[in-house]
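One file, upload.csv, carrying CSV, C-alpha atoms and all ligand atoms:
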```
chain,number,residue,atom,x,y,z
D,1,MET,CA,19.9,-30.1,-2.0
D,2,THR,CA,16.2,-29.6,-1.8
D,3,LYS,CA,15.3,-26.3,-0.2
D,4,ARG,CA,12.4,-25.5,2.0
D,5,ILE,CA,11.4,-21.9,1.9
D,6,GLY,CA,8.8,-20.0,3.9
D,7,ILE,CA,6.6,-17.2,2.7
D,8,LEU,CA,4.4,-14.8,4.7
D,9,THR,CA,2.4,-11.6,4.1
D,10,SER,CA,2.6,-8.8,6.5
D,11,GLY,CA,0.9,-5.4,7.0
D,12,GLY,CA,-2.3,-4.3,5.3
D,13,ASP,CA,-3.6,-6.5,2.5
D,14,CYS,CA,-3.8,-5.3,-1.1
D,15,ALA,CA,-4.5,-6.7,-4.6
D,16,GLY,CA,-1.7,-8.9,-6.0
D,17,LEU,CA,-0.6,-10.7,-2.9
D,18,ASN,CA,-1.9,-14.1,-4.1
D,19,ALA,CA,-0.2,-13.4,-7.4
D,20,VAL,CA,3.1,-13.0,-5.6
D,21,ILE,CA,2.6,-16.2,-3.6
D,22,ARG,CA,1.7,-18.1,-6.8
D,23,ALA,CA,4.9,-16.9,-8.5
D,24,VAL,CA,7.1,-17.9,-5.6
D,25,VAL,CA,5.4,-21.3,-5.4
D,26,HIS,CA,5.9,-22.1,-9.1
D,27,SER,CA,9.3,-20.7,-9.3
D,28,ALA,CA,10.5,-22.7,-6.3
D,29,ASN,CA,8.7,-25.8,-7.6
D,30,ILE,CA,10.6,-25.6,-10.9
D,31,ARG,CA,13.8,-25.9,-8.8
D,32,GLY,CA,12.4,-28.8,-6.9
D,33,TRP,CA,11.9,-26.7,-3.7
D,34,GLU,CA,9.1,-26.8,-1.2
D,35,VAL,CA,7.2,-23.7,-0.1
D,36,VAL,CA,5.6,-23.3,3.3
D,37,GLY,CA,3.0,-20.6,3.8
D,38,ILE,CA,3.2,-19.0,7.3
D,39,LEU,CA,-0.3,-18.0,8.4
D,40,ASP,CA,-1.3,-14.5,9.6
D,41,GLY,CA,2.1,-12.9,9.2
D,42,THR,CA,4.4,-13.3,12.2
D,43,HIS,CA,1.3,-14.1,14.4
D,44,GLY,CA,1.3,-17.6,12.9
D,45,LEU,CA,4.7,-18.1,14.5
D,46,LEU,CA,3.5,-17.2,17.9
D,47,GLN,CA,1.1,-20.1,18.0
D,48,LYS,CA,2.1,-23.5,19.5
D,49,PRO,CA,2.7,-25.2,17.1
D,50,PRO,CA,3.4,-22.5,14.5
D,51,GLN,CA,0.6,-22.2,12.0
D,52,TYR,CA,1.6,-22.9,8.4
D,53,LYS,CA,0.6,-24.9,5.4
D,54,VAL,CA,2.7,-26.5,2.7
D,55,LEU,CA,1.7,-24.9,-0.6
D,56,ASP,CA,0.9,-27.3,-3.4
D,57,PRO,CA,1.8,-25.9,-6.8
D,58,ASN,CA,-1.3,-27.7,-8.3
D,59,GLU,CA,-3.5,-25.5,-6.2
D,60,PHE,CA,-1.9,-22.3,-7.5
D,61,ASP,CA,-3.5,-21.9,-11.0
D,62,GLY,CA,-4.4,-18.6,-12.7
D,63,ASN,CA,-7.5,-18.2,-10.6
D,64,VAL,CA,-5.4,-17.7,-7.5
D,65,MET,CA,-3.7,-14.8,-9.3
D,66,ARG,CA,-7.1,-13.2,-9.9
D,67,MET,CA,-8.0,-13.3,-6.2
D,68,GLY,CA,-7.8,-10.2,-4.0
D,69,GLY,CA,-6.6,-10.4,-0.3
D,70,THR,CA,-4.1,-13.0,0.8
D,71,LEU,CA,-4.6,-16.7,1.1
D,72,LEU,CA,-2.2,-16.7,4.0
D,73,GLY,CA,-3.8,-14.0,6.1
D,74,THR,CA,-1.9,-11.0,7.4
D,75,THR,CA,-1.8,-8.5,10.2
D,76,ASN,CA,-0.8,-4.9,10.6
D,77,LYS,CA,-0.8,-5.0,14.4
D,78,GLY,CA,1.3,-6.5,17.1
D,79,ASN,CA,4.9,-5.5,16.7
D,80,PRO,CA,6.6,-8.7,18.2
D,81,PHE,CA,9.2,-6.5,20.0
D,82,ASP,CA,6.5,-4.6,21.7
D,83,PHE,CA,3.5,-7.0,21.6
D,84,PRO,CA,0.2,-5.9,23.2
D,85,MET,CA,-0.8,-8.5,25.8
D,86,PRO,CA,-4.5,-9.1,26.9
D,87,ASP,CA,-3.8,-7.5,30.3
D,88,GLY,CA,-2.8,-4.2,28.6
D,89,THR,CA,0.9,-4.6,29.1
D,90,LYS,CA,3.5,-4.8,26.3
D,91,LYS,CA,6.0,-7.7,26.0
D,92,ASP,CA,9.0,-8.5,23.7
D,93,ARG,CA,7.9,-11.8,22.0
D,94,SER,CA,10.6,-11.7,19.3
D,95,ASP,CA,12.3,-14.8,20.8
D,96,GLU,CA,9.1,-16.8,20.3
D,97,ILE,CA,8.9,-15.7,16.7
D,98,VAL,CA,12.5,-16.7,16.0
D,99,ALA,CA,11.8,-20.1,17.7
D,100,GLY,CA,8.8,-20.5,15.4
D,101,PHE,CA,10.9,-19.8,12.3
D,102,LYS,CA,13.5,-22.4,13.5
D,103,GLU,CA,10.8,-25.0,14.2
D,104,LEU,CA,9.7,-24.8,10.6
D,105,ASN,CA,13.2,-25.8,9.4
D,106,LEU,CA,13.3,-23.2,6.7
D,107,ASP,CA,16.4,-22.4,4.5
D,108,ALA,CA,15.0,-19.0,3.7
D,109,VAL,CA,11.9,-16.9,4.0
D,110,VAL,CA,10.2,-14.5,1.5
D,111,THR,CA,8.4,-11.7,3.3
D,112,ILE,CA,5.8,-9.6,1.4
D,113,GLY,CA,5.4,-6.3,3.2
D,114,GLY,CA,5.6,-2.5,3.4
D,115,ASP,CA,8.3,-0.4,5.1
D,116,GLY,CA,6.8,-0.8,8.6
D,117,SER,CA,6.8,-4.6,8.3
D,118,PHE,CA,10.2,-4.7,6.8
D,119,ALA,CA,11.7,-2.7,9.7
D,120,ILE,CA,10.4,-5.3,12.1
D,121,LEU,CA,11.2,-8.4,9.9
D,122,LYS,CA,14.7,-7.2,9.3
D,123,LYS,CA,15.3,-6.9,13.0
D,124,LEU,CA,13.8,-10.4,13.5
D,125,ALA,CA,16.0,-11.8,10.7
D,126,GLU,CA,19.1,-10.3,12.2
D,127,LYS,CA,18.3,-11.6,15.7
D,128,GLY,CA,17.5,-15.1,14.5
D,129,GLY,CA,20.1,-15.4,11.7
D,130,ILE,CA,17.2,-15.9,9.3
D,131,ASN,CA,17.8,-15.7,5.6
D,132,MET,CA,15.2,-13.2,4.4
D,133,VAL,CA,14.2,-11.7,1.0
D,134,GLY,CA,11.6,-9.0,0.9
D,135,ILE,CA,8.9,-8.2,-1.8
D,136,PRO,CA,7.4,-4.7,-1.6
D,137,LYS,CA,3.6,-4.3,-1.5
D,138,THR,CA,1.5,-1.3,-0.5
D,139,ILE,CA,-1.3,0.7,-2.1
D,140,ASP,CA,0.5,3.8,-0.7
D,141,ASN,CA,3.6,3.3,-3.0
D,142,ASP,CA,5.8,4.9,-0.3
D,143,ILE,CA,8.6,2.3,-0.2
D,144,GLY,CA,11.9,3.7,-1.3
D,145,LYS,CA,14.2,2.3,-4.0
D,146,THR,CA,11.4,0.9,-6.1
D,147,GLU,CA,9.3,2.8,-8.6
D,148,THR,CA,6.2,0.9,-7.7
D,149,SER,CA,4.9,-1.7,-5.3
D,150,VAL,CA,2.4,-4.5,-5.6
D,151,GLY,CA,-1.1,-3.2,-5.0
D,152,PHE,CA,-0.6,0.4,-6.0
D,153,ASP,CA,-1.7,0.1,-9.6
D,154,THR,CA,-5.0,-1.6,-8.6
D,155,ALA,CA,-5.7,1.0,-5.9
D,156,VAL,CA,-5.2,3.8,-8.4
D,157,SER,CA,-7.5,2.0,-10.9
D,158,VAL,CA,-10.2,1.7,-8.3
D,159,ALA,CA,-9.9,5.4,-7.3
D,160,THR,CA,-9.9,6.4,-11.0
D,161,GLU,CA,-13.0,4.3,-11.6
D,162,ALA,CA,-14.6,6.0,-8.6
D,163,LEU,CA,-14.1,9.4,-10.3
D,164,ASP,CA,-15.5,7.9,-13.5
D,165,ARG,CA,-18.6,6.9,-11.6
D,166,LEU,CA,-18.9,10.2,-9.7
D,167,GLN,CA,-18.7,12.3,-12.8
D,168,PRO,CA,-22.1,11.5,-14.3
D,169,THR,CA,-23.9,12.3,-11.0
D,170,ALA,CA,-21.9,15.5,-10.6
D,171,ALA,CA,-22.9,16.6,-14.1
D,172,SER,CA,-26.5,15.5,-13.7
D,173,HIS,CA,-27.0,17.4,-10.4
D,174,ASP,CA,-24.6,20.4,-10.9
D,175,ARG,CA,-22.5,19.2,-8.0
D,176,VAL,CA,-19.0,19.3,-6.7
D,177,MET,CA,-17.9,15.8,-5.9
D,178,VAL,CA,-15.1,15.3,-3.3
D,179,LEU,CA,-13.3,11.9,-3.3
D,180,GLU,CA,-11.1,11.0,-0.3
D,181,VAL,CA,-8.6,8.3,-1.1
D,182,MET,CA,-6.1,6.4,1.1
D,183,GLY,CA,-2.3,6.5,0.8
D,184,ARG,CA,-1.2,7.1,4.4
D,185,ASP,CA,1.3,10.0,4.5
D,186,ALA,CA,1.9,9.9,0.8
D,187,GLY,CA,-0.3,11.5,-1.9
D,188,HIS,CA,0.5,9.1,-4.7
D,189,ILE,CA,-2.9,7.6,-5.1
D,190,ALA,CA,-4.6,11.0,-5.2
D,191,LEU,CA,-2.1,12.4,-7.7
D,192,HIS,CA,-2.3,9.4,-10.1
D,193,ALA,CA,-6.1,8.9,-9.9
D,194,GLY,CA,-6.7,12.7,-10.0
D,195,ILE,CA,-4.9,13.0,-13.3
D,196,ALA,CA,-6.3,9.7,-14.7
D,197,GLY,CA,-9.9,10.5,-13.5
D,198,GLY,CA,-10.0,14.1,-14.8
D,199,ALA,CA,-10.1,15.9,-11.4
D,200,ASP,CA,-10.1,19.7,-11.2
D,201,VAL,CA,-8.4,19.8,-7.8
D,202,ILE,CA,-5.9,17.4,-6.2
D,203,LEU,CA,-5.1,18.0,-2.5
D,204,ILE,CA,-2.1,16.0,-1.1
D,205,PRO,CA,-0.1,16.3,2.2
D,206,GLU,CA,3.1,17.2,0.3
D,207,ILE,CA,1.8,20.4,-1.2
D,208,SER,CA,0.3,23.2,1.1
D,209,TYR,CA,-2.9,24.6,0.0
D,210,LYS,CA,-5.4,27.4,0.7
D,211,MET,CA,-9.2,26.7,0.5
D,212,GLU,CA,-9.7,30.1,-1.1
D,213,LYS,CA,-7.5,28.9,-4.0
D,214,VAL,CA,-9.5,25.7,-4.2
D,215,ALA,CA,-12.8,27.7,-4.2
D,216,LYS,CA,-11.5,30.0,-6.9
D,217,LYS,CA,-10.6,27.0,-9.1
D,218,ILE,CA,-14.1,25.6,-8.7
D,219,LYS,CA,-15.8,29.0,-9.4
D,220,ASP,CA,-13.6,29.4,-12.5
D,221,VAL,CA,-14.7,26.0,-13.7
D,222,MET,CA,-18.3,26.8,-13.2
D,223,GLU,CA,-18.1,30.3,-14.7
D,224,GLY,CA,-16.3,28.8,-17.7
D,225,GLY,CA,-19.6,26.9,-18.4
D,226,ARG,CA,-19.1,23.5,-16.8
D,227,ASN,CA,-21.7,22.6,-14.2
D,228,PHE,CA,-19.7,20.3,-12.0
D,229,ALA,CA,-16.2,19.8,-10.5
D,230,LEU,CA,-14.2,16.8,-9.2
D,231,VAL,CA,-11.9,17.1,-6.2
D,232,VAL,CA,-9.6,14.3,-5.0
D,233,VAL,CA,-8.2,14.5,-1.4
D,234,SER,CA,-5.5,12.4,0.2
D,235,GLU,CA,-6.4,11.0,3.6
D,236,ALA,CA,-3.4,12.6,5.3
D,237,LEU,CA,-4.1,16.1,4.2
D,238,LYS,CA,-4.2,18.5,7.1
D,239,THR,CA,-6.8,21.2,7.7
D,240,GLU,CA,-5.9,24.8,6.9
D,241,LYS,CA,-4.9,25.2,10.6
D,242,GLY,CA,-2.6,22.2,10.3
D,243,GLU,CA,-4.7,19.7,12.2
D,244,LYS,CA,-4.7,16.0,11.1
D,245,PHE,CA,-7.9,14.0,10.7
D,246,GLU,CA,-6.5,11.1,12.6
D,247,VAL,CA,-8.1,8.9,15.3
D,248,THR,CA,-6.0,7.1,17.9
D,249,TYR,CA,-7.4,3.8,19.0
D,250,SER,CA,-6.7,1.8,22.2
D,251,GLY,CA,-3.3,0.3,21.9
D,252,GLY,CA,-2.0,3.5,20.2
D,253,GLU,CA,-3.0,2.6,16.7
D,254,LYS,CA,-3.6,5.6,14.5
D,255,ARG,CA,-5.9,5.8,11.5
D,256,TYR,CA,-6.7,8.6,9.1
D,257,GLY,CA,-10.1,9.4,7.7
D,258,GLY,CA,-12.6,12.2,7.4
D,259,ILE,CA,-10.6,15.1,5.8
D,260,GLY,CA,-12.8,14.8,2.7
D,261,ASN,CA,-15.8,15.9,4.8
D,262,TYR,CA,-13.9,19.0,6.0
D,263,VAL,CA,-12.8,19.9,2.4
D,264,GLY,CA,-16.4,19.3,1.2
D,265,ALA,CA,-17.9,21.5,3.8
D,266,ARG,CA,-15.4,24.3,3.2
D,267,ILE,CA,-16.0,24.1,-0.6
D,268,ALA,CA,-19.8,24.4,0.0
D,269,GLU,CA,-19.3,27.3,2.3
D,270,LEU,CA,-16.9,29.3,0.0
D,271,THR,CA,-18.6,28.6,-3.3
D,272,GLY,CA,-22.2,27.9,-2.5
D,273,ALA,CA,-22.0,24.9,-4.8
D,274,GLU,CA,-23.9,21.7,-3.8
D,275,THR,CA,-21.2,19.4,-2.6
D,276,ARG,CA,-21.0,15.7,-1.8
D,277,VAL,CA,-18.2,13.6,-0.3
D,278,THR,CA,-17.2,10.0,-0.9
D,279,VAL,CA,-14.7,8.3,1.4
D,280,LEU,CA,-13.4,5.4,-0.7
D,281,GLY,CA,-11.7,3.5,2.1
D,282,HIS,CA,-10.8,-0.2,1.8
D,283,VAL,CA,-12.4,-0.8,-1.6
D,284,GLN,CA,-9.0,0.4,-2.8
D,285,ARG,CA,-7.4,-2.7,-1.4
D,286,GLY,CA,-9.8,-5.5,-2.0
D,287,SER,CA,-10.3,-6.0,-5.7
D,288,SER,CA,-8.8,-8.4,-8.3
D,289,PRO,CA,-5.4,-7.1,-9.3
D,290,THR,CA,-4.9,-5.2,-12.5
D,291,TYR,CA,-2.8,-6.7,-15.2
D,292,ASN,CA,0.1,-4.4,-14.1
D,293,ASP,CA,0.0,-5.7,-10.6
D,294,ARG,CA,-0.2,-9.3,-11.8
D,295,LEU,CA,3.0,-8.7,-13.9
D,296,LEU,CA,4.8,-7.0,-11.1
D,297,ALA,CA,3.8,-9.6,-8.6
D,298,SER,CA,5.0,-12.4,-11.0
D,299,ALA,CA,8.3,-10.7,-11.7
D,300,PHE,CA,8.9,-10.0,-8.0
D,301,GLY,CA,8.1,-13.5,-6.9
D,302,VAL,CA,10.4,-15.1,-9.5
D,303,LYS,CA,13.2,-12.7,-8.6
D,304,ALA,CA,12.9,-13.4,-4.9
D,305,VAL,CA,13.4,-17.1,-5.5
D,306,ASP,CA,16.4,-16.2,-7.8
D,307,LEU,CA,17.9,-14.3,-4.9
D,308,ILE,CA,17.5,-17.3,-2.6
D,309,ALA,CA,19.1,-19.5,-5.2
D,310,GLU,CA,22.1,-17.1,-5.3
D,311,GLY,CA,22.3,-16.9,-1.5
D,312,LYS,CA,21.6,-13.2,-1.5
D,313,PHE,CA,19.8,-12.3,1.6
D,314,GLY,CA,18.7,-9.1,3.4
D,315,ARG,CA,17.6,-7.8,0.0
D,316,MET,CA,14.3,-6.4,-1.3
D,317,VAL,CA,13.3,-6.9,-4.9
D,318,ALA,CA,12.5,-3.6,-6.7
D,319,TRP,CA,11.3,-2.2,-10.0
D,320,GLN,CA,13.7,0.3,-11.6
D,321,HIS,CA,14.0,1.4,-15.2
D,322,ARG,CA,11.7,-1.3,-16.7
D,323,THR,CA,13.4,-4.2,-14.9
D,324,VAL,CA,13.5,-6.1,-11.6
D,325,VAL,CA,16.5,-5.5,-9.4
D,326,ASP,CA,17.4,-6.0,-5.8
D,327,VAL,CA,18.4,-3.5,-3.2
D,328,ALA,CA,19.4,-3.7,0.5
D,329,ILE,CA,16.3,-3.8,2.7
D,330,GLU,CA,17.7,-1.1,5.0
D,331,ASP,CA,18.2,1.3,2.0
D,332,ALA,CA,14.6,0.8,0.9
D,333,ILE,CA,13.3,1.5,4.5
D,334,ALA,CA,15.5,4.6,4.8
D,335,ALA,CA,14.4,6.0,1.4
D,336,TYR,CA,10.7,6.7,2.3
D,337,GLN,CA,9.1,7.9,-0.9
D,338,ASP,CA,6.3,10.5,-0.7
D,339,VAL,CA,5.3,12.8,-3.6
D,340,ASP,CA,8.1,15.1,-4.7
D,341,PRO,CA,6.4,18.5,-5.4
D,342,ASN,CA,8.7,18.7,-8.5
D,343,ASP,CA,7.6,15.2,-9.7
D,344,THR,CA,6.9,15.0,-13.4
D,345,LEU,CA,3.3,14.0,-12.7
D,346,VAL,CA,2.8,17.1,-10.5
D,347,LYS,CA,4.1,19.2,-13.3
D,348,THR,CA,1.8,17.3,-15.8
D,349,ALA,CA,-1.2,18.0,-13.6
D,350,LYS,CA,-0.4,21.7,-13.3
D,351,LEU,CA,-0.1,22.1,-17.0
D,352,LEU,CA,-3.4,20.3,-17.5
D,353,GLY,CA,-4.9,23.1,-15.4
D,354,ILE,CA,-5.4,20.9,-12.3
D,355,SER,CA,-5.2,23.0,-9.1
D,356,PHE,CA,-3.3,21.9,-5.9
D,357,GLY,CA,-4.8,24.8,-4.1
D,358,GLU,CA,-1.4,26.6,-4.0
D,359,ASP,CA,-0.9,30.3,-3.6
Q,401,LIG,O1,-1.1,1.3,4.3
Q,401,LIG,C1,-2.2,0.9,3.6
Q,401,LIG,C2,-3.4,1.5,4.1
Q,401,LIG,O2,-4.5,1.1,3.4
Q,401,LIG,C3,-3.4,3.0,4.2
Q,401,LIG,O3,-3.5,3.6,2.9
Q,401,LIG,C4,-4.5,3.3,5.2
Q,401,LIG,O4,-4.2,4.6,5.8
Q,401,LIG,C5,-4.3,2.2,6.2
Q,401,LIG,O5,-3.7,1.1,5.5
Q,401,LIG,C6,-5.6,1.6,6.7
Q,401,LIG,O6,-5.3,0.7,7.7
Q,401,LIG,P1,-6.4,-0.3,8.3
Q,401,LIG,O7,-6.7,-1.4,7.3
Q,401,LIG,O8,-5.8,-0.8,9.5
Q,401,LIG,O9,-7.7,0.5,8.5
```
Show me this structure written as structure tokens.
Ligand code: F6P
Amino acid sequence: MTKRIGILTSGGDCAGLNAVIRAVVHSANIRGWEVVGILDGTHGLLQKPPQYKVLDPNEFDGNVMRMGGTLLGTTNKGNPFDFPMPDGTKKDRSDEIVAGFKELNLDAVVTIGGDGSFAILKKLAEKGGINMVGIPKTIDNDIGKTETSVGFDTAVSVATEALDRLQPTAASHDRVMVLEVMGRDAGHIALHAGIAGGADVILIPEISYKMEKVAKKIKDVMEGGRNFALVVVSEALKTEKGEKFEVTYSGGEKRYGGIGNYVGARIAELTGAETRVTVLGHVQRGSSPTYNDRLLASAFGVKAVDLIAEGKFGRMVAWQHRTVVDVAIEDAIAAYQDVDPNDTLVKTAKLLGISFGED
């Protein structure tokens, strides 16, 4: 029987989403199945008629894999169970989404998302009896039960390259360069890029710090004969008093940003060193995927179609011990993965002399 499967991207974009879509399209096509791309995440299903396009395998060549963003569009706003209406009220629109799914006559749907999206999509799938398979993507790498997610490797590469580019200016001007990176509540990007980019200090929300210790490390570096220092700060780091650098926007949406400026100002105050701050922001999400993200995306896309062929639903594909496996979506959501202070990379960093600003 010919199957018709849907695919959608949900949550913030990242590099590698188009590579996932391409893998699903080709792997379904080999089985003689049709793939329907749902536009703008679940928002496409709220439109009348639902917004989608049939994905032609001939249009999914290698160039699609190289492209950043998502050809399908996405959204990280508007929980359908608590949807913000133009008059400021909230409404449960989940029935409309389920009706949209049904109208497309899909045998199954592949959802590409992070833990927040999966929690919503799982609820929708249960409500509507929809056969769903999930593929993990997020630059934050905070989804449980998988060692890595699509988009993380590229974000780390961009952050590492930023340190590579900051270093010559730091050395030329005798400066301390502070780089603030994304990652939401998890410090994975800062930890990985900090080691790979030769940082002297890495500050992440999972490890408490003291600015005096950070300042001491920088002074030690300078007194040891080096004329510059590199510091990486994770966006969710709190101030020494425990305050978050978080702004709440209308509709209740919260966004991090700005802790790098606080850290930079404190370093200048405590060390007297000329200090500059770079907030890397969305450049970590938008580039062409690294080869690792292309491989991961391809393996995940193929595995998701395998699961549909086996009739295994409510599963998320995952990367564990050098292979692709599948896990229950609820287990992945429950096992939120931030940085373990005993992580092998934390130990690696410490034994390289990198400071976390600890006592
Ligand atoms: O979850 C991915 C992420 O890029 C976080 O690292 C960051 O805090 C957030 O999304 C930014 O969201 P937005 O694109 O809505 O500004």
Practice problem: Quick one: everything within 12 Å of segment 242-253 of chain D, counting all atoms listed in the file, minus sequence neighbours fewer than 3 positions away in the same chain. Send it as a PyMOL selection string. | Solution: chain D and resi 76-79+82-90+180+184-185+205+208-210+234-239+256-263
*Produce as a PyMOL selection string the set of residues near ligand LIG 401 (chain Q), where near means within 10 Å with all atoms listed in the file considered.*
chain D and resi 11-14+75-77+114-116+137-142+151-152+155+181-187+189+234-236+246+253-257+281-285
In terms of all atoms listed in the file, the residue from D:Pro136, D:Gly32, D:Gly69, D:Gly44 at minimal distance from Pro57 of chain D is D:Gly32
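Among the candidate residues D:Leu39, D:Ala125, D:Ala193, D:Leu230, the one lying nearest to Thr154 of chain D is D:Ala193, with distances computed using all atoms listed in the file.
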Open item on the list: Could you list, as JSON, numbers by chain, every residue within 7 Å of segment 27-30 of chain D, counting all atoms listed in the file and ignoring same-chain residues fewer than 4 positions away?
Closed with: {"D": [23, 34, 57, 302, 305]}
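Between atom CA of Ile195 of chain D and atom CA of Glu269 of chain D lies a distance of 25.6 Å.
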Can you tell me, as a PyMOL selection string, what residues are no more than 7 Å from Gly16 of chain D when counting all atoms listed in the file, ignoring any on the same chain fewer than 3 positions away?
chain D and resi 19-20+68+150-151+289+293-294+297
Inset, instruction - Rank nothing, just name the residue among D:Leu46, D:Val277, D:Ile130, D:Ile21 nearest to Asp61 of chain D, using all atoms listed in the file. - result: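 Checking each candidate against Asp61 of chain D, we get D:Ile21 as the closest.
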Q: Write out as JSON, numbers by chain which residues come within 10 Å of Ala334 of chain D when counting all atoms listed in the file, dropping same-chain ones fewer than 6 positions away.
A: {"D": [115, 119, 143, 144, 145]}
I want to know what sits within 9 Å of Leu104 of chain D, based on only C-alpha atoms, with residues of the same chain fewer than 6 positions away left out; could you give that as number ranges by chain? D: 6, 36, 50, 52
Include C-alpha atoms and write out the residues we just selected as a PDB file, keeping the file's coordinate frame.
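Below you can see selection03.pdb, which holds the result:
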```
ATOM      1  CA  GLY D   6       8.800 -20.000   3.900  1.00  0.00           C
ATOM      2  CA  VAL D  36       5.600 -23.300   3.300  1.00  0.00           C
ATOM      3  CA  PRO D  50       3.400 -22.500  14.500  1.00  0.00           C
ATOM      4  CA  TYR D  52       1.600 -22.900   8.400  1.00  0.00           C
TER       5      TYR D  52
END
```
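Taking all atoms listed in the file into account, the protein, DNA and RNA residues within 6 Å of (-0.3, -18.4, -0.5) read Asn18, Ile21, Gly37, Leu71 and Leu72 of chain D.
Of the listed residues (D:Glu96, D:Phe356, D:Ala196, D:Ala159), D:Ala159 comes nearest to Val279 of chain D; the distances count only C-alpha atoms.
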